[in-house]
>>> print(open('data.cif').read())   # mmCIF, C-alpha atoms and all ligand atoms
data_final
loop_
_atom_site.group_PDB
_atom_site.id
_atom_site.type_symbol
_atom_site.label_atom_id
_atom_site.label_comp_id
_atom_site.auth_asym_id
_atom_site.auth_seq_id
_atom_site.Cartn_x
_atom_site.Cartn_y
_atom_site.Cartn_z
ATOM 1 C CA MET E 1 55.837 -56.134 -48.086
ATOM 2 C CA VAL E 2 53.466 -53.217 -47.513
ATOM 3 C CA GLY E 3 52.022 -50.991 -50.200
ATOM 4 C CA ILE E 4 51.288 -47.468 -48.986
ATOM 5 C CA ILE E 5 49.146 -45.542 -51.449
ATOM 6 C CA MET E 6 47.346 -42.223 -51.290
ATOM 7 C CA GLY E 7 44.987 -40.293 -53.523
ATOM 8 C CA SER E 8 47.107 -37.146 -53.767
ATOM 9 C CA ASP E 9 50.453 -35.677 -52.802
ATOM 10 C CA SER E 10 48.476 -33.495 -50.382
ATOM 11 C CA ASP E 11 47.947 -36.691 -48.321
ATOM 12 C CA LEU E 12 51.690 -37.264 -47.961
ATOM 13 C CA PRO E 13 52.300 -35.335 -44.706
ATOM 14 C CA ILE E 14 49.862 -37.751 -43.009
ATOM 15 C CA MET E 15 50.641 -40.932 -44.960
ATOM 16 C CA LYS E 16 54.380 -40.701 -44.426
ATOM 17 C CA GLN E 17 53.672 -41.486 -40.753
ATOM 18 C CA ALA E 18 52.794 -45.047 -41.842
ATOM 19 C CA ALA E 19 56.154 -45.276 -43.603
ATOM 20 C CA GLU E 20 58.007 -43.955 -40.555
ATOM 21 C CA ILE E 21 56.583 -46.569 -38.192
ATOM 22 C CA LEU E 22 57.246 -49.351 -40.739
ATOM 23 C CA ASP E 23 60.857 -48.130 -40.841
ATOM 24 C CA GLU E 24 60.951 -48.522 -37.051
ATOM 25 C CA PHE E 25 59.763 -52.116 -37.375
ATOM 26 C CA GLY E 26 62.217 -52.790 -40.212
ATOM 27 C CA ILE E 27 59.433 -53.697 -42.641
ATOM 28 C CA GLU E 28 59.904 -52.997 -46.344
ATOM 29 C CA TYR E 29 57.289 -50.910 -48.109
ATOM 30 C CA GLU E 30 56.621 -48.989 -51.286
ATOM 31 C CA LEU E 31 54.927 -45.603 -51.214
ATOM 32 C CA THR E 32 53.198 -43.956 -54.142
ATOM 33 C CA ILE E 33 50.240 -41.892 -55.342
ATOM 34 C CA VAL E 34 47.305 -43.745 -56.855
ATOM 35 C CA SER E 35 44.076 -41.863 -57.374
ATOM 36 C CA ALA E 36 40.815 -43.762 -57.802
ATOM 37 C CA HIS E 37 39.175 -40.984 -59.819
ATOM 38 C CA ARG E 38 42.156 -39.214 -61.425
ATOM 39 C CA THR E 39 44.159 -42.330 -62.382
ATOM 40 C CA PRO E 40 41.618 -45.190 -62.397
ATOM 41 C CA GLU E 41 43.663 -47.421 -64.703
ATOM 42 C CA ARG E 42 46.762 -47.011 -62.543
ATOM 43 C CA MET E 43 44.645 -47.943 -59.513
ATOM 44 C CA PHE E 44 43.380 -51.071 -61.257
ATOM 45 C CA ASP E 45 46.895 -52.153 -62.292
ATOM 46 C CA TYR E 46 48.296 -51.432 -58.842
ATOM 47 C CA ALA E 47 45.680 -53.524 -57.065
ATOM 48 C CA LYS E 48 45.664 -56.298 -59.680
ATOM 49 C CA THR E 49 49.452 -56.850 -59.492
ATOM 50 C CA ALA E 50 49.891 -56.218 -55.744
ATOM 51 C CA ARG E 51 49.901 -59.841 -54.570
ATOM 52 C CA ASN E 52 52.222 -61.068 -57.325
ATOM 53 C CA ARG E 53 54.628 -58.239 -56.538
ATOM 54 C CA GLY E 54 54.963 -59.677 -53.026
ATOM 55 C CA LEU E 55 52.799 -57.257 -51.071
ATOM 56 C CA LYS E 56 51.073 -58.722 -48.002
ATOM 57 C CA VAL E 57 48.918 -55.746 -47.047
ATOM 58 C CA ILE E 58 47.934 -52.408 -48.559
ATOM 59 C CA ILE E 59 47.480 -49.163 -46.642
ATOM 60 C CA ALA E 60 45.344 -46.735 -48.636
ATOM 61 C CA GLY E 61 44.733 -43.150 -47.556
ATOM 62 C CA ALA E 62 42.334 -40.724 -49.177
ATOM 63 C CA GLY E 63 40.162 -37.739 -48.411
ATOM 64 C CA GLY E 64 36.794 -36.403 -49.529
ATOM 65 C CA ALA E 65 34.658 -38.958 -51.373
ATOM 66 C CA ALA E 66 37.381 -41.420 -50.480
ATOM 67 C CA HIS E 67 36.764 -44.479 -52.614
ATOM 68 C CA LEU E 68 40.425 -45.534 -53.059
ATOM 69 C CA PRO E 69 40.602 -48.100 -50.199
ATOM 70 C CA GLY E 70 37.275 -49.698 -51.101
ATOM 71 C CA MET E 71 38.014 -49.859 -54.820
ATOM 72 C CA VAL E 72 41.462 -51.346 -54.202
ATOM 73 C CA ALA E 73 39.940 -53.898 -51.802
ATOM 74 C CA SER E 74 37.449 -54.873 -54.508
ATOM 75 C CA ILE E 75 40.259 -55.671 -56.967
ATOM 76 C CA THR E 76 42.774 -57.459 -54.706
ATOM 77 C CA SER E 77 42.284 -60.242 -52.143
ATOM 78 C CA LEU E 78 44.990 -58.750 -49.891
ATOM 79 C CA PRO E 79 43.921 -57.050 -46.650
ATOM 80 C CA VAL E 80 43.399 -53.303 -47.101
ATOM 81 C CA ILE E 81 43.724 -50.772 -44.295
ATOM 82 C CA GLY E 82 41.948 -47.488 -44.986
ATOM 83 C CA VAL E 83 43.153 -44.148 -43.629
ATOM 84 C CA PRO E 84 40.544 -41.379 -43.797
ATOM 85 C CA ILE E 85 42.356 -38.101 -44.470
ATOM 86 C CA LYS E 86 40.963 -34.735 -43.456
ATOM 87 C CA SER E 87 41.543 -32.848 -46.700
ATOM 88 C CA SER E 88 41.371 -29.076 -47.007
ATOM 89 C CA ASN E 89 37.829 -28.915 -48.399
ATOM 90 C CA SER E 90 36.442 -31.706 -46.231
ATOM 91 C CA ILE E 91 33.474 -31.460 -43.885
ATOM 92 C CA GLU E 92 35.606 -31.954 -40.750
ATOM 93 C CA GLY E 93 36.767 -35.301 -42.155
ATOM 94 C CA TRP E 94 33.368 -36.976 -41.866
ATOM 95 C CA ASP E 95 33.225 -37.344 -45.658
ATOM 96 C CA SER E 96 36.455 -39.375 -45.616
ATOM 97 C CA ILE E 97 35.570 -41.368 -42.489
ATOM 98 C CA LEU E 98 32.148 -42.450 -43.662
ATOM 99 C CA SER E 99 33.120 -43.226 -47.244
ATOM 100 C CA ILE E 100 35.968 -45.490 -46.093
ATOM 101 C CA LEU E 101 34.279 -46.993 -43.027
ATOM 102 C CA GLN E 102 30.868 -47.857 -44.415
ATOM 103 C CA MET E 103 31.877 -50.613 -46.834
ATOM 104 C CA PRO E 104 29.043 -52.889 -47.942
ATOM 105 C CA ASN E 105 29.203 -56.609 -47.051
ATOM 106 C CA GLY E 106 31.744 -58.707 -48.905
ATOM 107 C CA ILE E 107 34.552 -56.186 -49.388
ATOM 108 C CA PRO E 108 36.051 -55.226 -46.016
ATOM 109 C CA VAL E 109 38.350 -52.280 -45.384
ATOM 110 C CA ALA E 110 39.985 -52.088 -41.945
ATOM 111 C CA THR E 111 39.422 -48.410 -41.210
ATOM 112 C CA VAL E 112 41.597 -46.567 -38.708
ATOM 113 C CA ALA E 113 40.826 -43.197 -37.109
ATOM 114 C CA LEU E 114 40.957 -39.880 -38.967
ATOM 115 C CA ASN E 115 44.535 -39.156 -40.115
ATOM 116 C CA ALA E 116 45.737 -42.224 -38.148
ATOM 117 C CA ALA E 117 48.355 -43.379 -40.667
ATOM 118 C CA LYS E 118 50.679 -44.339 -37.814
ATOM 119 C CA ASN E 119 48.103 -46.791 -36.477
ATOM 120 C CA ALA E 120 47.625 -48.137 -39.999
ATOM 121 C CA GLY E 121 51.361 -48.859 -40.081
ATOM 122 C CA ILE E 122 51.213 -50.590 -36.697
ATOM 123 C CA LEU E 123 48.209 -52.661 -37.810
ATOM 124 C CA ALA E 124 50.085 -53.684 -40.963
ATOM 125 C CA ALA E 125 53.053 -54.677 -38.769
ATOM 126 C CA ARG E 126 50.743 -56.794 -36.601
ATOM 127 C CA MET E 127 49.333 -58.513 -39.697
ATOM 128 C CA ILE E 128 52.830 -59.327 -40.922
ATOM 129 C CA GLY E 129 53.833 -60.290 -37.378
ATOM 130 C CA SER E 130 51.113 -62.937 -37.402
ATOM 131 C CA PHE E 131 53.230 -65.061 -39.787
ATOM 132 C CA ASP E 132 56.706 -63.488 -39.427
ATOM 133 C CA GLU E 133 58.023 -64.251 -35.955
ATOM 134 C CA GLU E 134 60.767 -61.626 -36.020
ATOM 135 C CA VAL E 135 58.305 -58.836 -36.852
ATOM 136 C CA GLY E 136 55.889 -60.213 -34.240
ATOM 137 C CA LYS E 137 58.635 -59.905 -31.618
ATOM 138 C CA ARG E 138 59.374 -56.309 -32.630
ATOM 139 C CA VAL E 139 55.708 -55.383 -32.282
ATOM 140 C CA GLY E 140 55.705 -57.015 -28.829
ATOM 141 C CA ILE E 141 58.767 -54.971 -27.794
ATOM 142 C CA TYR E 142 57.074 -51.811 -29.115
ATOM 143 C CA ASN E 143 54.066 -52.508 -26.872
ATOM 144 C CA VAL E 144 56.213 -53.170 -23.796
ATOM 145 C CA THR E 145 58.222 -49.980 -24.400
ATOM 146 C CA MET E 146 55.002 -47.965 -24.652
ATOM 147 C CA GLN E 147 53.680 -49.569 -21.459
ATOM 148 C CA LYS E 148 56.888 -48.751 -19.574
ATOM 149 C CA ALA E 149 56.770 -45.124 -20.747
ATOM 150 C CA VAL E 150 53.246 -44.775 -19.364
ATOM 151 C CA GLU E 151 54.204 -46.494 -16.083
ATOM 152 C CA GLU E 152 57.070 -44.029 -15.677
ATOM 153 C CA LYS E 153 54.682 -41.113 -16.108
ATOM 154 C CA ILE E 154 52.267 -42.659 -13.593
ATOM 155 C CA SER E 155 55.049 -42.979 -11.006
ATOM 156 C CA LEU E 156 55.974 -39.318 -11.549
ATOM 157 C CA VAL E 157 52.355 -38.242 -11.006
ATOM 158 C CA LYS E 158 52.152 -40.300 -7.770
ATOM 159 C CA LYS E 159 55.121 -38.417 -6.295
HETATM 160 C C1 LIG E 201 41.491 -37.058 -52.615
HETATM 161 O O1 LIG E 201 41.130 -35.733 -52.625
HETATM 162 C C2 LIG E 201 42.877 -37.104 -52.056
HETATM 163 O O2 LIG E 201 43.054 -38.298 -51.357
HETATM 164 C C3 LIG E 201 42.979 -35.893 -51.166
HETATM 165 O O3 LIG E 201 42.810 -36.211 -49.805
HETATM 166 C C4 LIG E 201 41.827 -35.016 -51.635
HETATM 167 C C5 LIG E 201 42.284 -33.694 -52.151
HETATM 168 O O4 LIG E 201 43.196 -33.901 -53.197
HETATM 169 P P1 LIG E 201 43.988 -32.676 -53.840
HETATM 170 O O5 LIG E 201 42.963 -31.789 -54.448
HETATM 171 O O6 LIG E 201 44.750 -32.019 -52.721
HETATM 172 O O7 LIG E 201 44.917 -33.299 -54.858
HETATM 173 O O8 LIG E 201 41.484 -37.609 -53.889
#
>>> encode(input="data.cif", output="C-alpha cells", more="lines below")
Ligand code: RP5
Amino acid sequence: MVGIIMGSDSDLPIMKQAAEILDEFGIEYELTIVSAHRTPERMFDYAKTARNRGLKVIIAGAGGAAHLPGMVASITSLPVIGVPIKSSNSIEGWDSILSILQMPNGIPVATVALNAAKNAGILAARMIGSFDEEVGKRVGIYNVTMQKAVEEKISLVKK
C-alpha cells in the first residue's frame, strides 16, 4: 500500500524507520532504491506505475539536491511524502530540506522534518486510515498509548 523509496542505500538507516512504523501498524509496503539523477528512467517507471500497482501513498527520501520526491510527485497523482535526509556531504541538511520543501505551486510534496522517516510512516498511516477504518483505529490507539506514556512521566515528575 505504501511505496518507500530513497535515492541511495546510504539513506537506508534513516528510511527503514518508516518501514518499522508501518510494520507496527500492520500496513504493507515495498522498499527500494530509486535515484532521480542516477536512475531517471527507473524513477519514471516507478512513479508512472505506482497507482496501478496498488500503492496509495509514496514516501520518498533523499539528500543533497534532493529532487526525488518532487519529480515523483510530478509523475504520479498519488500523495508524496518527502523525507529530507542529512547526507554526509550536506550543508547541515539545509540542502535537502529546502529542495524538498520549496515545491512550486501545483505539485505538492508533504515534507516532514530532517531525517523524520518515522513521522513520514505515521503520516502515511493516517492517510490510509482516512479510508481504512481498521488502520484508522490503530493510529488512534498509537496516539492514546503515546499520551498515556507522557502522563505517566508527568505523574513521576510531580512526586
Ligand atoms: C542522494 O545523494 C541520496 O539520496 C543520498 O542522500 C545522497 C548521497 O548519496 P550517496 O553518494 O551516498 O549514494 O542522491
>>> closest_residue(input="data.cif", among="E:Val57, E:Ala62, E:Ile81, E:Ile4", to="Glu20 in chain E", atoms="all atoms listed in the file")
E:Ile4
>>> residues_around(input="data.cif", residues="Lys56 in chain E", least_positions_apart="3", cutoff="12 Å", atoms="only C-alpha atoms", output="mmCIF file with C-alpha atoms, keeping the file's coordinate frame")
data_model
loop_
_atom_site.group_PDB
_atom_site.id
_atom_site.type_symbol
_atom_site.label_atom_id
_atom_site.label_comp_id
_atom_site.auth_asym_id
_atom_site.auth_seq_id
_atom_site.Cartn_x
_atom_site.Cartn_y
_atom_site.Cartn_z
ATOM 1 C CA MET E 1 55.837 -56.134 -48.086
ATOM 2 C CA VAL E 2 53.466 -53.217 -47.513
ATOM 3 C CA GLY E 3 52.022 -50.991 -50.200
ATOM 4 C CA ILE E 4 51.288 -47.468 -48.986
ATOM 5 C CA ILE E 27 59.433 -53.697 -42.641
ATOM 6 C CA GLU E 28 59.904 -52.997 -46.344
ATOM 7 C CA TYR E 29 57.289 -50.910 -48.109
ATOM 8 C CA GLU E 30 56.621 -48.989 -51.286
ATOM 9 C CA ALA E 47 45.680 -53.524 -57.065
ATOM 10 C CA THR E 49 49.452 -56.850 -59.492
ATOM 11 C CA ALA E 50 49.891 -56.218 -55.744
ATOM 12 C CA ARG E 51 49.901 -59.841 -54.570
ATOM 13 C CA ASN E 52 52.222 -61.068 -57.325
ATOM 14 C CA ARG E 53 54.628 -58.239 -56.538
ATOM 15 C CA ILE E 59 47.480 -49.163 -46.642
ATOM 16 C CA THR E 76 42.774 -57.459 -54.706
ATOM 17 C CA SER E 77 42.284 -60.242 -52.143
ATOM 18 C CA LEU E 78 44.990 -58.750 -49.891
ATOM 19 C CA PRO E 79 43.921 -57.050 -46.650
ATOM 20 C CA VAL E 80 43.399 -53.303 -47.101
ATOM 21 C CA ILE E 81 43.724 -50.772 -44.295
ATOM 22 C CA ALA E 124 50.085 -53.684 -40.963
ATOM 23 C CA ALA E 125 53.053 -54.677 -38.769
ATOM 24 C CA ARG E 126 50.743 -56.794 -36.601
ATOM 25 C CA MET E 127 49.333 -58.513 -39.697
ATOM 26 C CA ILE E 128 52.830 -59.327 -40.922
ATOM 27 C CA GLY E 129 53.833 -60.290 -37.378
ATOM 28 C CA SER E 130 51.113 -62.937 -37.402
ATOM 29 C CA PHE E 131 53.230 -65.061 -39.787
ATOM 30 C CA ASP E 132 56.706 -63.488 -39.427
#
>>> atom_distance(input="data.cif", atom1="CA of Ser8 in chain E", atom2="CA of Pro69 in chain E")
13.2 Å
>>> closest_residue(input="data.cif", among="E:Ala19, E:Ile58, E:Asn115, E:Leu68", to="Met43 in chain E", atoms="all atoms listed in the file")
E:Leu68
>>> residues_near_ligand(input="data.cif", ligand="ligand LIG 201 (chain E)", cutoff="6 Å", atoms="all atoms listed in the file", output="JSON, numbers by chain")
{"E": [6, 7, 8, 10, 11, 62, 63, 64, 85, 87]}
>>> closest_residue(input="data.cif", among="E:Ile97, E:Val157, E:Ile14, E:Ile21", to="Arg138 in chain E", atoms="only C-alpha atoms")
E:Ile21
>>> atom_distance(input="data.cif", atom1="CA of Lys153 in chain E", atom2="CA of Gly26 in chain E")
27.8 Å
>>> residues_around(input="data.cif", residues="Val139 in chain E", least_positions_apart="4", cutoff="10 Å", atoms="only C-alpha atoms", output="PyMOL selection string")
chain E and resi 24-25+122-123+125-126+128-129+133-135+143-145
>>> axis_aligned_box(input="data.cif", around="range 129-145 of chain E", padding_each_side="4 Å", output="AutoDock Vina command-line options")
--center_x 55.9 --center_y -57.5 --center_z -31.8 --size_x 17.7 --size_y 23.1 --size_z 24.0
>>> residues_near_point(input="data.cif", point="(35.6, -38.2, -45.7)", cutoff="9 Å", atoms="all atoms listed in the file", output="PyMOL selection string")
chain E and resi 62-66+84-87+90-100+114
>>> closest_residue(input="data.cif", among="E:Ala120, E:Ala60, E:Val150, E:Val83", to="Ser35 in chain E", atoms="all atoms listed in the file")
E:Ala60
>>> atom_distance(input="data.cif", atom1="CA of Asp23 in chain E", atom2="CA of Ala73 in chain E")
24.3 Å
>>> closest_residue(input="data.cif", among="E:Gly54, E:Pro13, E:Gly70, E:Gly61", to="Ile33 in chain E", atoms="all atoms listed in the file")
E:Gly61
>>> decode(input="data.cif", residues="range 12-25 of chain E", atoms="N, CA and C atoms", output="PDB file, in the first residue's frame")
ATOM      1  N   LEU E  12      19.305   4.357   3.732  1.00  0.00           N
ATOM      2  CA  LEU E  12      18.545   3.255   4.338  1.00  0.00           C
ATOM      3  C   LEU E  12      18.465   3.298   5.874  1.00  0.00           C
ATOM      4  N   PRO E  13      19.571   3.597   6.572  1.00  0.00           N
ATOM      5  CA  PRO E  13      19.462   3.623   8.041  1.00  0.00           C
ATOM      6  C   PRO E  13      18.355   4.558   8.539  1.00  0.00           C
ATOM      7  N   ILE E  14      18.106   5.650   7.819  1.00  0.00           N
ATOM      8  CA  ILE E  14      17.011   6.561   8.186  1.00  0.00           C
ATOM      9  C   ILE E  14      15.689   6.026   7.647  1.00  0.00           C
ATOM     10  N   MET E  15      15.657   5.675   6.367  1.00  0.00           N
ATOM     11  CA  MET E  15      14.379   5.331   5.717  1.00  0.00           C
ATOM     12  C   MET E  15      13.757   4.049   6.245  1.00  0.00           C
ATOM     13  N   LYS E  16      14.582   3.186   6.830  1.00  0.00           N
ATOM     14  CA  LYS E  16      13.994   1.943   7.357  1.00  0.00           C
ATOM     15  C   LYS E  16      13.097   2.236   8.569  1.00  0.00           C
ATOM     16  N   GLN E  17      13.248   3.419   9.148  1.00  0.00           N
ATOM     17  CA  GLN E  17      12.368   3.797  10.278  1.00  0.00           C
ATOM     18  C   GLN E  17      10.914   3.961   9.816  1.00  0.00           C
ATOM     19  N   ALA E  18      10.730   4.345   8.552  1.00  0.00           N
ATOM     20  CA  ALA E  18       9.356   4.424   8.005  1.00  0.00           C
ATOM     21  C   ALA E  18       8.783   3.016   7.901  1.00  0.00           C
ATOM     22  N   ALA E  19       9.622   2.083   7.447  1.00  0.00           N
ATOM     23  CA  ALA E  19       9.177   0.692   7.307  1.00  0.00           C
ATOM     24  C   ALA E  19       8.825   0.103   8.673  1.00  0.00           C
ATOM     25  N   GLU E  20       9.629   0.414   9.667  1.00  0.00           N
ATOM     26  CA  GLU E  20       9.412  -0.160  11.007  1.00  0.00           C
ATOM     27  C   GLU E  20       8.067   0.279  11.594  1.00  0.00           C
ATOM     28  N   ILE E  21       7.731   1.555  11.418  1.00  0.00           N
ATOM     29  CA  ILE E  21       6.470   2.032  11.998  1.00  0.00           C
ATOM     30  C   ILE E  21       5.284   1.488  11.180  1.00  0.00           C
ATOM     31  N   LEU E  22       5.468   1.314   9.871  1.00  0.00           N
ATOM     32  CA  LEU E  22       4.391   0.710   9.066  1.00  0.00           C
ATOM     33  C   LEU E  22       4.177  -0.744   9.478  1.00  0.00           C
ATOM     34  N   ASP E  23       5.258  -1.426   9.834  1.00  0.00           N
ATOM     35  CA  ASP E  23       5.136  -2.794  10.372  1.00  0.00           C
ATOM     36  C   ASP E  23       4.281  -2.772  11.637  1.00  0.00           C
ATOM     37  N   GLU E  24       4.531  -1.791  12.493  1.00  0.00           N
ATOM     38  CA  GLU E  24       3.756  -1.679  13.746  1.00  0.00           C
ATOM     39  C   GLU E  24       2.270  -1.510  13.467  1.00  0.00           C
ATOM     40  N   PHE E  25       1.957  -0.762  12.416  1.00  0.00           N
ATOM     41  CA  PHE E  25       0.550  -0.517  12.071  1.00  0.00           C
ATOM     42  C   PHE E  25      -0.029  -1.648  11.212  1.00  0.00           C
TER      43      PHE E  25
END
